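Structure file protein.tsv (TSV, C-alpha atoms) follows.
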```tsv
chain	number	residue	atom	x	y	z
T	176	MET	CA	7.19	7.59	21.20
T	177	GLY	CA	10.32	5.87	22.36
T	178	GLY	CA	10.44	2.28	23.49
T	179	ARG	CA	12.55	0.64	26.14
T	180	ASP	CA	14.35	-1.33	23.44
T	181	GLY	CA	15.54	1.83	21.70
T	182	ASN	CA	12.93	1.66	18.95
T	183	THR	CA	10.82	4.55	17.79
T	184	LEU	CA	7.23	4.19	16.64
T	185	SER	CA	6.65	7.06	14.24
T	186	SER	CA	3.75	8.14	12.08
T	187	TYR	CA	4.62	10.27	9.07
T	188	ASN	CA	1.61	11.95	7.49
T	189	THR	CA	2.79	15.36	6.36
T	190	ARG	CA	3.59	15.15	2.65
T	191	VAL	CA	1.40	17.12	0.26
T	192	PHE	CA	1.42	17.00	-3.57
T	193	SER	CA	-0.35	19.15	-6.13
T	194	THR	CA	-3.39	17.36	-7.55
T	195	LYS	CA	-3.27	19.24	-10.88
T	196	ARG	CA	-1.75	16.95	-13.51
T	197	LYS	CA	-0.75	18.18	-16.95
T	198	GLN	CA	0.76	14.86	-17.94
T	199	CYS	CA	-0.03	11.20	-17.32
T	200	VAL	CA	1.24	10.08	-13.92
T	201	PHE	CA	2.36	6.79	-15.47
T	202	CYS	CA	3.79	7.45	-18.95
T	203	SER	CA	4.30	11.25	-18.76
T	204	THR	CA	2.33	11.82	-21.97
T	205	PRO	CA	0.92	15.39	-22.04
T	206	ILE	CA	-2.77	15.26	-21.21
T	207	THR	CA	-5.18	17.10	-23.51
T	208	ASN	CA	-8.94	17.13	-23.90
T	209	ALA	CA	-8.54	14.49	-26.61
T	210	ASN	CA	-6.66	11.91	-24.54
T	211	ALA	CA	-7.74	12.67	-20.98
T	212	SER	CA	-9.17	9.81	-18.95
T	213	ARG	CA	-10.33	9.26	-15.40
T	214	GLU	CA	-9.44	5.88	-13.91
T	215	ASP	CA	-12.02	4.12	-11.75
T	216	THR	CA	-10.12	4.17	-8.46
T	217	VAL	CA	-11.88	0.98	-7.40
T	218	PRO	CA	-12.23	-1.07	-10.61
T	219	LYS	CA	-15.81	-1.51	-11.84
T	220	TRP	CA	-15.59	-5.32	-11.86
T	221	LEU	CA	-14.60	-5.19	-8.18
T	222	GLN	CA	-17.46	-2.82	-7.36
T	223	VAL	CA	-19.86	-5.37	-8.84
T	224	GLU	CA	-18.12	-8.36	-7.25
T	225	LEU	CA	-18.30	-6.85	-3.76
T	226	GLY	CA	-21.58	-4.95	-4.22
T	227	ILE	CA	-20.04	-1.63	-3.17
T	228	ALA	CA	-20.80	0.73	-6.09
T	229	SER	CA	-23.33	2.74	-4.06
T	230	GLU	CA	-21.34	2.65	-0.81
T	231	ASN	CA	-19.91	5.95	0.36
T	232	VAL	CA	-16.17	6.31	0.76
T	233	GLU	CA	-14.94	9.05	3.06
T	234	PRO	CA	-11.29	10.02	2.47
T	235	THR	CA	-10.23	11.74	5.69
T	236	LEU	CA	-7.08	13.70	6.48
T	237	THR	CA	-6.04	13.67	10.14
T	238	THR	CA	-3.11	14.79	12.22
T	239	PRO	CA	-0.94	12.11	13.93
T	240	THR	CA	-3.01	12.75	17.08
T	241	GLY	CA	-6.28	12.00	15.27
T	242	GLU	CA	-7.55	15.56	14.71
T	243	GLN	CA	-9.60	15.69	11.51
T	244	LEU	CA	-8.34	18.27	9.00
T	245	ALA	CA	-10.42	17.51	5.90
T	246	GLN	CA	-12.88	14.99	4.56
T	247	ARG	CA	-14.70	14.18	1.33
T	248	ILE	CA	-17.64	11.85	0.76
T	249	HIS	CA	-18.24	10.05	-2.56
T	250	PRO	CA	-20.06	6.91	-3.67
T	251	VAL	CA	-17.50	4.33	-4.74
T	252	ALA	CA	-18.86	4.39	-8.31
T	253	GLN	CA	-17.97	8.09	-8.53
T	254	LEU	CA	-14.49	7.71	-7.08
T	255	ARG	CA	-12.13	8.38	-9.98
T	256	THR	CA	-8.49	9.43	-10.23
T	257	GLY	CA	-7.40	11.97	-12.83
T	258	GLY	CA	-3.96	12.40	-14.32
T	259	VAL	CA	-4.15	9.20	-16.39
T	260	CYS	CA	-4.09	9.20	-20.19
T	261	ARG	CA	-6.55	7.15	-22.24
T	262	LYS	CA	-3.77	4.95	-23.67
T	263	CYS	CA	-2.69	3.82	-20.19
T	264	ASN	CA	-6.24	3.43	-18.91
T	265	ASN	CA	-7.44	1.40	-21.89
T	266	GLY	CA	-4.11	-0.34	-22.46
T	267	TRP	CA	-1.82	-1.89	-19.85
T	268	MET	CA	-4.09	-0.99	-16.91
T	269	SER	CA	-7.09	-2.68	-18.53
T	270	GLN	CA	-4.93	-5.72	-19.39
T	271	LEU	CA	-3.78	-5.94	-15.76
T	272	GLU	CA	-7.39	-5.87	-14.54
T	273	ASN	CA	-8.33	-8.67	-16.93
T	274	ALA	CA	-5.35	-10.76	-15.82
T	275	VAL	CA	-5.99	-10.39	-12.09
T	276	GLN	CA	-9.73	-11.11	-12.00
T	277	PRO	CA	-9.61	-14.93	-12.27
T	278	ILE	CA	-6.91	-14.97	-9.59
T	279	LEU	CA	-8.49	-12.57	-7.11
T	280	ARG	CA	-12.06	-13.83	-7.24
T	281	PRO	CA	-11.44	-17.20	-5.52
T	282	VAL	CA	-8.83	-15.71	-3.17
T	283	MET	CA	-11.22	-12.98	-2.00
T	284	LYS	CA	-13.77	-15.70	-1.20
T	285	SER	CA	-11.20	-17.92	0.59
T	286	GLU	CA	-11.85	-20.58	-2.05
T	287	ARG	CA	-8.14	-20.57	-2.83
T	288	SER	CA	-5.18	-19.96	-0.51
T	289	LEU	CA	-2.45	-17.39	-1.04
T	290	LYS	CA	0.18	-20.11	-0.79
T	291	SER	CA	-1.34	-21.87	-3.79
T	292	LEU	CA	-0.56	-18.95	-6.12
T	293	THR	CA	2.13	-19.55	-8.71
T	294	LYS	CA	5.06	-17.17	-9.16
T	295	ALA	CA	3.37	-15.61	-12.19
T	296	GLU	CA	0.08	-15.19	-10.31
T	297	ARG	CA	1.82	-13.60	-7.35
T	298	HIS	CA	3.49	-11.16	-9.71
T	299	VAL	CA	0.16	-10.18	-11.29
T	300	VAL	CA	-1.54	-9.69	-7.92
T	301	ALA	CA	1.41	-7.68	-6.56
T	302	ARG	CA	1.47	-5.33	-9.56
T	303	TRP	CA	-2.30	-4.94	-9.36
T	304	ALA	CA	-2.08	-4.20	-5.63
T	305	ALA	CA	0.53	-1.51	-6.26
T	306	LYS	CA	-1.46	0.02	-9.13
T	307	THR	CA	-4.68	0.08	-7.08
T	308	ALA	CA	-2.90	1.41	-4.00
T	309	TYR	CA	-1.29	4.19	-6.02
T	310	MET	CA	-4.59	5.20	-7.60
T	311	LEU	CA	-6.28	5.36	-4.18
T	312	ASP	CA	-3.35	7.37	-2.86
T	313	GLN	CA	-3.21	9.80	-5.79
T	314	GLY	CA	-6.94	10.42	-5.51
T	315	GLY	CA	-6.73	11.08	-1.77
T	316	LEU	CA	-6.46	14.27	0.23
T	317	GLU	CA	-2.75	13.92	1.01
T	318	PRO	CA	-0.89	11.62	-1.41
T	319	ARG	CA	2.22	9.95	-0.01
T	320	VAL	CA	3.54	7.92	-2.93
T	321	ALA	CA	6.24	9.69	-4.93
T	322	LEU	CA	5.41	10.09	-8.62
T	323	ALA	CA	8.70	8.31	-9.38
T	324	HIS	CA	7.13	5.10	-8.03
T	325	VAL	CA	3.95	5.57	-10.04
T	326	GLU	CA	6.03	6.10	-13.17
T	327	ALA	CA	8.28	3.11	-12.37
T	328	LEU	CA	5.28	0.77	-12.21
T	329	TYR	CA	4.64	1.60	-15.88
T	330	ALA	CA	8.21	1.98	-17.12
T	331	ASN	CA	9.61	-1.20	-15.56
T	332	ALA	CA	6.68	-3.52	-16.24
T	333	PRO	CA	8.32	-6.84	-15.26
T	334	HIS	CA	8.96	-5.50	-11.77
T	335	LEU	CA	7.57	-3.35	-9.01
T	336	PRO	CA	9.39	-0.15	-8.03
T	337	GLU	CA	12.67	-0.92	-6.28
T	338	GLY	CA	12.24	-1.55	-2.56
T	339	VAL	CA	8.46	-1.99	-2.69
T	340	PHE	CA	7.12	-5.08	-0.90
T	341	VAL	CA	3.60	-6.48	-0.97
T	342	PHE	CA	2.33	-8.44	2.03
T	343	SER	CA	-0.98	-10.28	2.16
T	344	ARG	CA	-3.37	-12.09	4.45
T	345	GLN	CA	-6.68	-13.91	4.20
T	346	GLN	CA	-9.22	-13.15	6.89
T	347	ILE	CA	-12.98	-13.62	6.97
T	348	ARG	CA	-14.55	-10.30	6.03
T	349	THR	CA	-16.74	-8.26	8.36
T	350	ARG	CA	-17.17	-5.55	5.71
T	351	PRO	CA	-16.82	-5.79	1.92
T	352	TRP	CA	-13.85	-3.46	1.57
T	353	TYR	CA	-11.60	-1.00	3.38
T	354	TYR	CA	-8.35	0.86	2.82
T	355	ILE	CA	-5.97	3.02	4.78
T	356	VAL	CA	-2.91	5.05	3.74
T	357	GLY	CA	-0.15	6.10	6.12
T	358	ALA	CA	3.43	5.58	7.22
T	359	TRP	CA	3.67	4.06	10.69
T	360	TRP	CA	7.06	2.53	11.46
T	361	LYS	CA	8.77	1.01	14.45
T	362	HIS	CA	12.48	1.59	13.89
T	363	GLY	CA	15.80	2.29	15.54
T	364	GLN	CA	17.17	5.78	16.10
T	365	LEU	CA	17.93	7.59	12.82
T	366	THR	CA	20.14	10.47	11.77
T	367	GLY	CA	18.38	13.71	10.91
T	368	ASP	CA	18.83	13.22	7.15
T	369	ALA	CA	17.51	9.65	7.34
T	370	GLN	CA	14.52	10.73	9.42
T	371	GLU	CA	13.67	13.35	6.81
T	372	LYS	CA	13.95	10.80	3.99
T	373	VAL	CA	11.61	8.40	5.78
T	374	GLU	CA	9.18	11.21	6.50
T	375	LYS	CA	9.05	12.28	2.86
T	376	SER	CA	9.25	8.96	1.05
T	377	SER	CA	7.95	6.00	3.09
T	378	TYR	CA	4.44	4.60	2.89
T	379	LYS	CA	2.13	1.78	3.85
T	380	ILE	CA	-1.12	1.28	1.97
T	381	ALA	CA	-3.43	-1.45	3.25
T	382	LEU	CA	-6.30	-2.69	1.07
T	383	GLN	CA	-9.06	-5.11	2.09
T	384	PHE	CA	-11.26	-6.65	-0.59
T	385	GLY	CA	-13.51	-9.45	0.63
T	386	ASP	CA	-11.41	-11.94	2.59
T	387	LEU	CA	-8.15	-10.59	1.19
T	388	ILE	CA	-5.86	-8.02	2.78
T	389	LEU	CA	-3.01	-6.55	0.69
T	390	ILE	CA	-0.40	-4.20	2.16
T	391	VAL	CA	1.96	-2.27	-0.15
T	392	VAL	CA	4.96	-0.90	1.76
T	393	PHE	CA	8.10	1.11	1.06
T	394	TRP	CA	10.98	1.98	3.40
T	395	PRO	CA	13.47	4.25	1.56
T	396	LEU	CA	16.69	3.60	3.51
T	397	LYS	CA	19.19	1.09	2.12
T	398	ARG	CA	20.27	-2.13	3.88
T	399	TRP	CA	17.28	-2.43	6.16
T	400	GLY	CA	14.97	-5.42	6.37
T	401	TYR	CA	11.29	-5.89	7.13
T	402	ARG	CA	9.90	-7.76	10.14
T	403	THR	CA	6.40	-9.08	10.74
T	404	GLY	CA	4.63	-11.05	13.45
T	405	ARG	CA	5.09	-14.79	13.10
T	406	ASN	CA	2.55	-16.40	10.75
T	407	GLU	CA	0.60	-13.13	10.46
T	408	LEU	CA	1.38	-12.10	6.89
T	409	PHE	CA	2.29	-13.83	3.65
T	410	LEU	CA	4.97	-12.16	1.51
T	411	LEU	CA	3.49	-11.86	-1.95
T	412	TRP	CA	6.39	-9.96	-3.54
T	413	PRO	CA	9.40	-10.00	-3.88
T	414	ARG	CA	8.90	-13.73	-3.79
T	415	THR	CA	12.43	-14.70	-2.71
T	416	ALA	CA	13.09	-11.84	-0.27
T	417	VAL	CA	13.86	-12.68	3.36
T	418	VAL	CA	11.51	-11.19	5.95
T	419	LYS	CA	12.24	-11.86	9.60
T	420	GLU	CA	9.42	-12.86	11.91
T	421	TYR	CA	9.04	-12.19	15.62
T	422	ASP	CA	6.82	-13.58	18.34
T	423	HIS	CA	4.42	-10.92	19.53
T	424	PRO	CA	4.36	-10.84	23.36
T	425	ASP	CA	0.59	-10.34	23.40
T	426	PRO	CA	-0.86	-11.26	19.99
T	427	PRO	CA	-4.32	-9.71	19.62
T	428	ASN	CA	-7.32	-11.59	18.31
T	429	ILE	CA	-8.73	-9.29	15.66
T	430	SER	CA	-11.93	-10.25	13.86
T	431	GLU	CA	-12.99	-6.93	12.28
T	432	SER	CA	-11.73	-6.32	8.72
T	433	ASP	CA	-10.89	-2.64	9.18
T	434	ALA	CA	-9.10	-3.22	12.50
T	435	ALA	CA	-7.08	-6.03	10.90
T	436	CYS	CA	-6.04	-3.74	8.04
T	437	ARG	CA	-4.80	-1.13	10.47
T	438	ARG	CA	-3.16	-3.54	12.88
T	439	TYR	CA	-1.22	-5.62	10.36
T	440	SER	CA	-0.09	-2.53	8.50
T	441	ILE	CA	1.16	-0.81	11.64
T	442	THR	CA	3.02	-3.84	12.95
T	443	ILE	CA	5.21	-4.26	9.84
T	444	SER	CA	8.49	-2.93	11.20
T	445	VAL	CA	12.05	-2.51	9.96
T	446	VAL	CA	15.37	-3.75	11.34
T	447	PRO	CA	18.86	-2.54	10.38
T	448	HIS	CA	21.42	-4.77	8.71
T	449	HIS	CA	25.19	-4.27	8.70
T	450	GLY	CA	25.96	-0.77	7.39
T	451	SER	CA	22.32	0.30	7.34
T	452	GLN	CA	21.78	3.75	5.92
T	453	GLY	CA	20.89	6.35	8.55
T	454	PHE	CA	20.98	4.02	11.56
T	455	ILE	CA	22.67	5.31	14.73
T	456	PRO	CA	24.75	2.38	16.12
T	457	GLY	CA	24.38	1.39	19.74
T	458	LEU	CA	20.58	1.38	19.79
T	459	ARG	CA	19.50	-1.98	18.48
T	460	ALA	CA	16.14	-2.09	16.77
T	461	THR	CA	14.33	-5.14	18.04
T	462	VAL	CA	10.61	-5.70	18.54
```
Give the structure from the file, written as structure tokens.
Amino acid sequence: MGGRDGNTLSSYNTRVFSTKRKQCVFCSTPITNANASREDTVPKWLQVELGIASENVEPTLTTPTGEQLAQRIHPVAQLRTGGVCRKCNNGWMSQLENAVQPILRPVMKSERSLKSLTKAERHVVARWAAKTAYMLDQGGLEPRVALAHVEALYANAPHLPEGVFVFSRQQIRTRPWYYIVGAWWKHGQLTGDAQEKVEKSSYKIALQFGDLILIVVFWPLKRWGYRTGRNELFLLWPRTAVVKEYDHPDPPNISESDAACRRYSITISVVPHHGSQGFIPGLRATV
């Protein structure tokens, strides 16, 4: 829908990938019966920590208007993502899980603040958030994340895929966990080619574990910046990036964990910089 300020609030939920993988989604190693593995989409240590192993998860595919198209129901303990080789699963992915546990445990319980995390700790949590978000996405009914990003997380280990940001927030839980995948953006008017690129490539994946909310986002157009509500989200990564804040005219008071995940994900918006790719001049994108 169009706004009076020239912005557009769009929801892009139309990309479909094949779920049949003949090679590892991370390292591209051919998968055989000898090296096939199935990653626990929600890590086992986290299932135990939050007491959610027997909880049902219901991946649901809907239209932008809310019409349900498909749904699956699985206990969390049985939620696994294929297309991962044993070397990746038992190697760097297992190492990342071991590294993040002592950081996440006190943060998920609000025993430690996000601002207290060191640069190295923020990097570990951001990479773990991206890995977990990608596994949830790849195991869903309508994956949005391009395989190039999944591969880049493995191939360029010191960094996250280019253009990927991770936002975070601590909020008292009303449920042990929740996640939502989509691509809702408030943005200025775009050219047709830019609109198509955003539709095919952008994503927002919000994860809530205990008192911690993590939001992994990607906007594919160059020379745009992110905007968030003032004091609503903490930028976990890239640590030195500049994110503009705005004062929400009617800031809501959200106490429910799932509603907070949805709300803070949706309200991350983008603003064009000088020479922004795909932006039609004359319609300023302001919230």
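Non-sequential neighbours of Tyr329 in chain T (distance at most 10 Å, separation of 5 or more positions within a chain, all atoms listed in the file) are Val200, Phe201, Cys202, Cys263, Trp267, Met268, Arg302, Lys306, His324, His334, Leu335 and Pro336 of chain T.
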- Item | Straight-line distance linking CA of Trp360 in chain T with CA of Trp399 in chain T, stated in Å to one decimal | 12.5 Å
Might I get the box with edges along x, y and z of the file that holds all atoms of range 412-416 of chain T listed there, padded by 4 Å on every side, given as centre and edge lengths in Å to one decimal, as AutoDock Vina command-line options?
```
--center_x 9.7 --center_y -12.3 --center_z -2.1 --size_x 14.7 --size_y 12.7 --size_z 11.6
```
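Distance annotation: of T:Trp303, T:Phe340, T:Phe454, T:Trp220, the residue with the minimal separation from Gln364 in chain T is T:Phe454; atom set is all atoms listed in the file.
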- What's the 6 Å shell around range 429-446 of chain T, counting all atoms listed in the file, without same-chain residues fewer than 5 positions away, as a ChimeraX atom specification? /T:348-349,359-362,381,399-403,460
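Between CA of Pro351 in chain T and CA of Val299 in chain T the separation is 22.0 Å.
Shortest atom-to-atom contact with Ala321 in chain T among T:Asn273, T:Pro281, T:Pro395, T:Glu286: T:Pro395, counting all atoms listed in the file.
CA of Lys294 in chain T is found 25.7 Å from CA of Lys397 in chain T.
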- Counting all atoms listed in the file, figure out which residue out of T:Arg350, T:His423, T:Arg398, T:Arg319 gets nearest to Ser377 in chain T. T:Arg319
- Message: Using only C-alpha atoms, can you tell me which of T:Ile390, T:Ala301, T:Leu365, T:Val282 comes closest to Gln345 in chain T?
- Response: T:Val282
- Using only C-alpha atoms, determine which residues lie at most 12 Å from Ala295 in chain T, disregarding the query and same-chain residues fewer than 4 positions distant; provide the list as JSON, numbers by chain. {"T": [274, 275, 278, 291, 299, 300, 301, 302, 333, 334, 411, 412, 413, 414]}
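Among T:Ile380, T:Ile248, T:Ile355, T:Ala369, the residue with the shortest atom-to-atom distance to Tyr309 in chain T, counting all atoms listed in the file, is T:Ile380.
Nearest residue to Gly385 in chain T, choosing from T:Asn406, T:Gln346, T:Gln276, T:Gln253 and counting all atoms listed in the file: T:Gln346.
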- Item | Spatial neighbours of range 226-230 of chain T, 6 Å, all atoms listed in the file, chain gap at least 2 places, as a list in words | Gln222, Val223, Glu224, Pro250, Val251 and Ala252 of chain T
Hey, can you spit out that residue selection with C-alpha atoms as a PDB file, in the coordinates of the input?
```
ATOM      1  CA  GLN T 222     -17.460  -2.820  -7.360  1.00  0.00           C
ATOM      2  CA  VAL T 223     -19.860  -5.370  -8.840  1.00  0.00           C
ATOM      3  CA  GLU T 224     -18.120  -8.360  -7.250  1.00  0.00           C
ATOM      4  CA  PRO T 250     -20.060   6.910  -3.670  1.00  0.00           C
ATOM      5  CA  VAL T 251     -17.500   4.330  -4.740  1.00  0.00           C
ATOM      6  CA  ALA T 252     -18.860   4.390  -8.310  1.00  0.00           C
TER       7      ALA T 252
END
```
- Find the spatial neighbours of Phe384 in chain T, counting all atoms listed in the file, within a cut-off of 8 Å - ignore same-chain residues fewer than 2 positions away - and output them as a PyMOL selection string. chain T and resi 225+283+351-353+382+386-388
